[in-house]
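Asker: Sharing run_6.tsv below, TSV, C-alpha atoms:
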chain	number	residue	atom	x	y	z
N	11	MET	CA	-10.30	-23.22	4.76
N	12	ARG	CA	-6.93	-23.49	3.03
N	13	LYS	CA	-4.28	-25.90	4.25
N	14	SER	CA	-1.57	-23.36	3.50
N	15	ARG	CA	-1.31	-19.77	2.34
N	16	ALA	CA	-1.30	-19.07	-1.38
N	17	LYS	CA	2.22	-18.63	-2.75
N	18	LYS	CA	3.28	-15.11	-3.66
N	19	ARG	CA	3.82	-14.88	-7.41
N	20	ILE	CA	7.03	-13.27	-8.57
N	21	LEU	CA	6.40	-10.56	-11.16
N	22	LEU	CA	8.84	-9.66	-13.92
N	23	PRO	CA	9.81	-5.98	-14.17
N	24	ASP	CA	8.20	-4.02	-16.99
N	25	PRO	CA	10.16	-3.69	-20.27
N	26	LYS	CA	10.46	0.12	-20.36
N	27	PHE	CA	11.35	1.13	-16.78
N	28	GLY	CA	12.39	-2.18	-15.23
N	29	ASN	CA	9.96	-1.59	-12.36
N	30	VAL	CA	7.97	-4.42	-10.73
N	31	GLU	CA	5.34	-1.97	-9.36
N	32	VAL	CA	4.54	-0.87	-12.93
N	33	THR	CA	3.92	-4.50	-13.91
N	34	ARG	CA	1.65	-4.94	-10.90
N	35	PHE	CA	-0.29	-1.81	-11.87
N	36	VAL	CA	-0.61	-2.95	-15.50
N	37	ASN	CA	-1.86	-6.36	-14.32
N	38	ASN	CA	-4.66	-4.57	-12.44
N	39	LEU	CA	-5.36	-2.35	-15.45
N	40	MET	CA	-5.53	-5.29	-17.85
N	41	LEU	CA	-8.89	-6.54	-19.13
N	42	ASP	CA	-9.51	-9.98	-20.69
N	43	GLY	CA	-5.83	-10.96	-20.48
N	44	LYS	CA	-4.75	-8.26	-22.95
N	45	LYS	CA	-1.53	-7.23	-21.28
N	46	SER	CA	0.13	-5.59	-24.30
N	47	ILE	CA	-2.85	-3.23	-24.67
N	48	ALA	CA	-2.71	-2.45	-20.94
N	49	PHE	CA	1.00	-1.60	-21.28
N	50	LYS	CA	0.22	0.68	-24.26
N	51	VAL	CA	-2.49	2.45	-22.25
N	52	PHE	CA	-0.16	2.94	-19.27
N	53	TYR	CA	2.81	4.16	-21.32
N	54	SER	CA	0.64	6.55	-23.35
N	55	ALA	CA	-0.84	7.86	-20.07
N	56	LEU	CA	2.72	8.56	-18.90
N	57	ASP	CA	3.37	10.39	-22.20
N	58	VAL	CA	0.27	12.56	-21.57
N	59	ILE	CA	1.54	13.28	-18.04
N	60	ALA	CA	4.96	14.23	-19.41
N	61	SER	CA	3.33	16.74	-21.77
N	62	LYS	CA	1.20	18.28	-18.98
N	63	ILE	CA	3.70	18.29	-16.08
N	64	GLU	CA	7.40	19.15	-16.33
N	65	GLU	CA	8.48	16.33	-13.97
N	66	ASP	CA	9.42	12.72	-14.64
N	67	PRO	CA	6.08	10.91	-15.28
N	68	LEU	CA	7.12	7.76	-13.39
N	69	VAL	CA	7.90	9.85	-10.29
N	70	VAL	CA	4.52	11.60	-10.66
N	71	TRP	CA	2.79	8.20	-10.88
N	72	GLU	CA	4.62	6.88	-7.80
N	73	LYS	CA	3.82	10.03	-5.78
N	74	SER	CA	0.18	9.86	-6.90
N	75	LEU	CA	-0.05	6.22	-5.83
N	76	GLU	CA	1.54	7.09	-2.49
N	77	ASN	CA	-1.05	9.88	-1.97
N	78	ILE	CA	-3.92	7.48	-2.72
N	79	THR	CA	-2.84	4.50	-0.58
N	80	PRO	CA	-4.86	4.21	2.66
N	81	HIS	CA	-3.28	3.66	6.07
N	82	VAL	CA	-6.39	2.47	7.95
N	83	GLU	CA	-9.60	0.77	6.87
N	84	VAL	CA	-12.76	-0.43	8.58
N	85	ARG	CA	-13.71	-4.08	8.78
N	86	SER	CA	-17.12	-5.39	9.82
N	87	ARG	CA	-17.27	-7.58	12.90
N	88	ARG	CA	-20.38	-9.09	14.41
N	89	ILE	CA	-20.45	-8.85	18.21
N	90	GLY	CA	-23.48	-9.81	20.27
N	91	GLY	CA	-25.98	-9.49	17.43
N	92	ALA	CA	-24.73	-6.07	16.31
N	93	THR	CA	-22.32	-5.39	13.45
N	94	PHE	CA	-19.53	-2.91	14.21
N	95	GLN	CA	-17.20	-1.18	11.79
N	96	ILE	CA	-13.79	-1.68	13.40
N	97	PRO	CA	-10.84	0.43	12.21
N	98	GLN	CA	-7.66	-1.51	11.50
N	99	PRO	CA	-4.27	-0.64	10.02
N	100	VAL	CA	-3.80	-1.89	6.46
N	101	ARG	CA	-1.04	-4.38	5.60
N	102	GLU	CA	1.68	-2.96	3.34
N	103	ASP	CA	0.83	-5.26	0.43
N	104	ARG	CA	-2.90	-4.49	0.66
N	105	LYS	CA	-2.23	-0.73	0.87
N	106	VAL	CA	-0.60	-0.70	-2.55
N	107	SER	CA	-3.21	-3.03	-3.99
N	108	LEU	CA	-6.11	-0.86	-2.78
N	109	GLY	CA	-4.41	2.30	-4.05
N	110	MET	CA	-3.93	0.81	-7.51
N	111	LYS	CA	-7.48	-0.51	-7.72
N	112	TRP	CA	-8.98	2.81	-6.59
N	113	LEU	CA	-6.85	4.74	-9.09
N	114	ILE	CA	-7.90	2.48	-11.98
N	115	ALA	CA	-11.60	2.48	-10.95
N	116	ALA	CA	-11.60	6.29	-10.72
N	117	ALA	CA	-9.92	6.53	-14.14
N	118	ARG	CA	-12.50	4.18	-15.68
N	119	SER	CA	-15.38	6.25	-14.30
N	120	ARG	CA	-14.05	9.47	-15.87
N	121	ASN	CA	-15.64	10.74	-19.08
N	122	GLU	CA	-12.77	11.73	-21.32
N	123	LYS	CA	-11.74	10.61	-24.77
N	124	THR	CA	-9.53	7.55	-24.15
N	125	MET	CA	-8.50	5.40	-21.19
N	126	ALA	CA	-4.94	6.74	-21.44
N	127	VAL	CA	-6.20	10.31	-21.02
N	128	ASN	CA	-8.53	9.24	-18.19
N	129	LEU	CA	-5.67	7.48	-16.41
N	130	ALA	CA	-3.31	10.42	-16.92
N	131	SER	CA	-5.91	12.86	-15.55
N	132	GLU	CA	-6.55	10.70	-12.48
N	133	ILE	CA	-2.81	10.24	-11.84
N	134	ILE	CA	-2.28	14.02	-12.04
N	135	ALA	CA	-5.27	14.57	-9.74
N	136	GLY	CA	-3.84	12.07	-7.23
N	137	TYR	CA	-0.47	13.82	-7.46
N	138	LYS	CA	-2.15	17.11	-6.54
N	139	GLU	CA	-4.13	15.36	-3.75
N	140	GLU	CA	-7.53	15.68	-5.42
N	141	GLY	CA	-9.74	13.52	-7.63
N	142	ALA	CA	-12.04	10.56	-7.04
N	143	ALA	CA	-9.37	8.08	-5.87
N	144	TYR	CA	-7.96	10.54	-3.30
N	145	LYS	CA	-11.52	11.26	-2.13
N	146	LYS	CA	-12.06	7.51	-1.63
N	147	LYS	CA	-8.95	7.37	0.58
N	148	MET	CA	-10.12	10.35	2.62
N	149	ASP	CA	-13.61	8.81	3.03
N	150	THR	CA	-12.02	5.57	4.27
N	151	HIS	CA	-9.88	7.47	6.77
N	152	ARG	CA	-12.87	9.55	7.90
N	153	MET	CA	-14.92	6.39	8.44
N	154	ALA	CA	-12.10	4.85	10.50
N	155	GLU	CA	-11.82	8.03	12.56
N	156	ALA	CA	-15.59	8.06	13.20
N	157	ASN	CA	-15.50	4.44	14.40
N	158	LYS	CA	-12.38	4.85	16.54
N	159	ALA	CA	-14.48	4.12	19.65
N	160	PHE	CA	-14.83	0.50	18.52
N	161	SER	CA	-11.10	-0.08	18.04
N	162	HIS	CA	-10.92	-2.09	21.30
N	163	PHE	CA	-12.92	-4.83	19.46
N	164	ARG	CA	-9.95	-5.35	17.12
N	165	PHE	CA	-9.21	-9.00	16.39
Take the structure in the file and write it out as structure tokens.

Answerer:
Amino acid sequence: MRKSRAKKRILLPDPKFGNVEVTRFVNNLMLDGKKSIAFKVFYSALDVIASKIEEDPLVVWEKSLENITPHVEVRSRRIGGATFQIPQPVREDRKVSLGMKWLIAAARSRNEKTMAVNLASEIIAGYKEEGAAYKKKMDTHRMAEANKAFSHFRF
């Protein structure tokens, strides 16, 4: 076990919008340490969104991320030889992290021409409350609702 908690790293805001959340998203999107490519993919995805929807693409992305972030999750806990799925509220930091990871995973699993187009499509789907990432959130919430009876085992 750790002696102390890991220090929270301070992220620099992204160059185009000056938003720390964008940098955090790009860090999750990045593969093999290629951050400049990840930024290009994200910005071109926002350009695709701008061409498809008449609203500000950054606002669409933020709303999509908000729609995808879960509020409760289930955690496994072993009690008396049986494993129970116990619903628990999600910490604020973890909410955003899960939402970003689900959005990126759903975009990667899409079968369109480029990653930018995949990401744009998934962001638009999340904005409209549909798509694979939104479905993942709803499944998580449904699972927590189904296991609500075990919430008294919360630790």

Asker: Give me, as a list in words, all polymer residues having an atom no more than 12 Å from Val69 (chain N), counting only C-alpha atoms and skipping those fewer than 6 positions away in the same chain.

Answerer: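 The filter keeps Phe27, Asn29, Val32, Leu56, Ile59, Ala60, Ile63, Leu75, Glu76, Ile133, Ile134 and Tyr137 of chain N.
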
Asker: Can you build me a table of region 141-164 of chain N residues sitting at most 10 Å from region 113-131 of chain N, with the closest atom pair per residue and its distance in Å to one decimal, using all atoms listed in the file, sorted by chain and residue number, as CSV?

Answerer:
residue,atom,partner,partner_atom,distance
N:Gly141,CA,N:Ala116,CA,8.1
N:Ala142,CA,N:Ala116,CA,5.7
N:Ala143,CA,N:Leu113,CA,5.3
N:Tyr144,CA,N:Leu113,CA,8.3
N:Lys145,CA,N:Ala116,CA,9.9
N:Lys146,CA,N:Ala116,CA,9.2

Asker: Hey, can you pull every residue with an atom no more than 6 Å from (8.5, -7.9, -9.5), using all atoms listed in the file, and send it as a PyMOL selection string?

Answerer: chain N and resi 20-23+30

Asker: Might I get the box with edges along x, y and z of the file that holds all atoms of region 26-36 of chain N listed there, padded by 4 Å on every side, given as centre and edge lengths in Å to one decimal, as JSON?

Answerer:
{"center_x": 5.9, "center_y": -1.9, "center_z": -14.9, "size_x": 21.0, "size_y": 14.1, "size_z": 19.0}

Asker: Go through N:Glu140, N:Lys45, N:Met11, N:Ala135 one by one, measure the shortest atom-to-atom distance of each to Asp24 (chain N) using all atoms listed in the file, and give the residue with the smallest value.

Answerer: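 The closest residue to Asp24 (chain N) is N:Lys45.
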
Asker: Determine the nearest neighbour of Ile96 (chain N) from the options N:Val84, N:Leu108, N:Met153, N:Val58, counting all atoms listed in the file.

Answerer: N:Val84

Asker: I need every residue sitting at most 8 Å from the point (-6.1, 0.3, 9.8) (coordinates as in the file, only C-alpha atoms considered), written as a list in words.

Answerer: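 Those within range, by chain then number, are His81, Val82, Glu83, Val84, Pro97, Gln98, Pro99, Val100 and Ala154 of chain N.
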
Asker: Would you kindly return, as a PyMOL selection string, each protein, DNA or RNA residue with an atom no farther than 10 Å from any atom of Phe35 (chain N), considering only C-alpha atoms and excluding same-chain residues fewer than 2 positions away?

Answerer: chain N and resi 30-33+37-40+48-49+52+106-107+109-111+113-114

Asker: How would the residues just picked look written out with C-alpha atoms as an mmCIF file, in the coordinates of the input?

Answerer:
data_model
loop_
_atom_site.group_PDB
_atom_site.id
_atom_site.type_symbol
_atom_site.label_atom_id
_atom_site.label_comp_id
_atom_site.auth_asym_id
_atom_site.auth_seq_id
_atom_site.Cartn_x
_atom_site.Cartn_y
_atom_site.Cartn_z
ATOM 1 C CA VAL N 30 7.970 -4.420 -10.730
ATOM 2 C CA GLU N 31 5.340 -1.970 -9.360
ATOM 3 C CA VAL N 32 4.540 -0.870 -12.930
ATOM 4 C CA THR N 33 3.920 -4.500 -13.910
ATOM 5 C CA ASN N 37 -1.860 -6.360 -14.320
ATOM 6 C CA ASN N 38 -4.660 -4.570 -12.440
ATOM 7 C CA LEU N 39 -5.360 -2.350 -15.450
ATOM 8 C CA MET N 40 -5.530 -5.290 -17.850
ATOM 9 C CA ALA N 48 -2.710 -2.450 -20.940
ATOM 10 C CA PHE N 49 1.000 -1.600 -21.280
ATOM 11 C CA PHE N 52 -0.160 2.940 -19.270
ATOM 12 C CA VAL N 106 -0.600 -0.700 -2.550
ATOM 13 C CA SER N 107 -3.210 -3.030 -3.990
ATOM 14 C CA GLY N 109 -4.410 2.300 -4.050
ATOM 15 C CA MET N 110 -3.930 0.810 -7.510
ATOM 16 C CA LYS N 111 -7.480 -0.510 -7.720
ATOM 17 C CA LEU N 113 -6.850 4.740 -9.090
ATOM 18 C CA ILE N 114 -7.900 2.480 -11.980
#

Asker: Could you work out how far CA of Glu102 (chain N) lies from CA of Gly136 (chain N), giving the answer in Å with one decimal?

Answerer: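 For CA of Gly136 (chain N) relative to CA of Glu102 (chain N), the distance reads 19.2 Å.
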
Asker: Record the distance separating CA of His151 (chain N) and CA of Arg88 (chain N), expressed in Å with one decimal.

Answerer: 21.0 Å

Asker: Could you please determine the separation between CA of Ala156 (chain N) and CA of Phe94 (chain N) in Å, to one decimal place?

Answerer: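 That distance, rounded to one decimal, is 11.7 Å.
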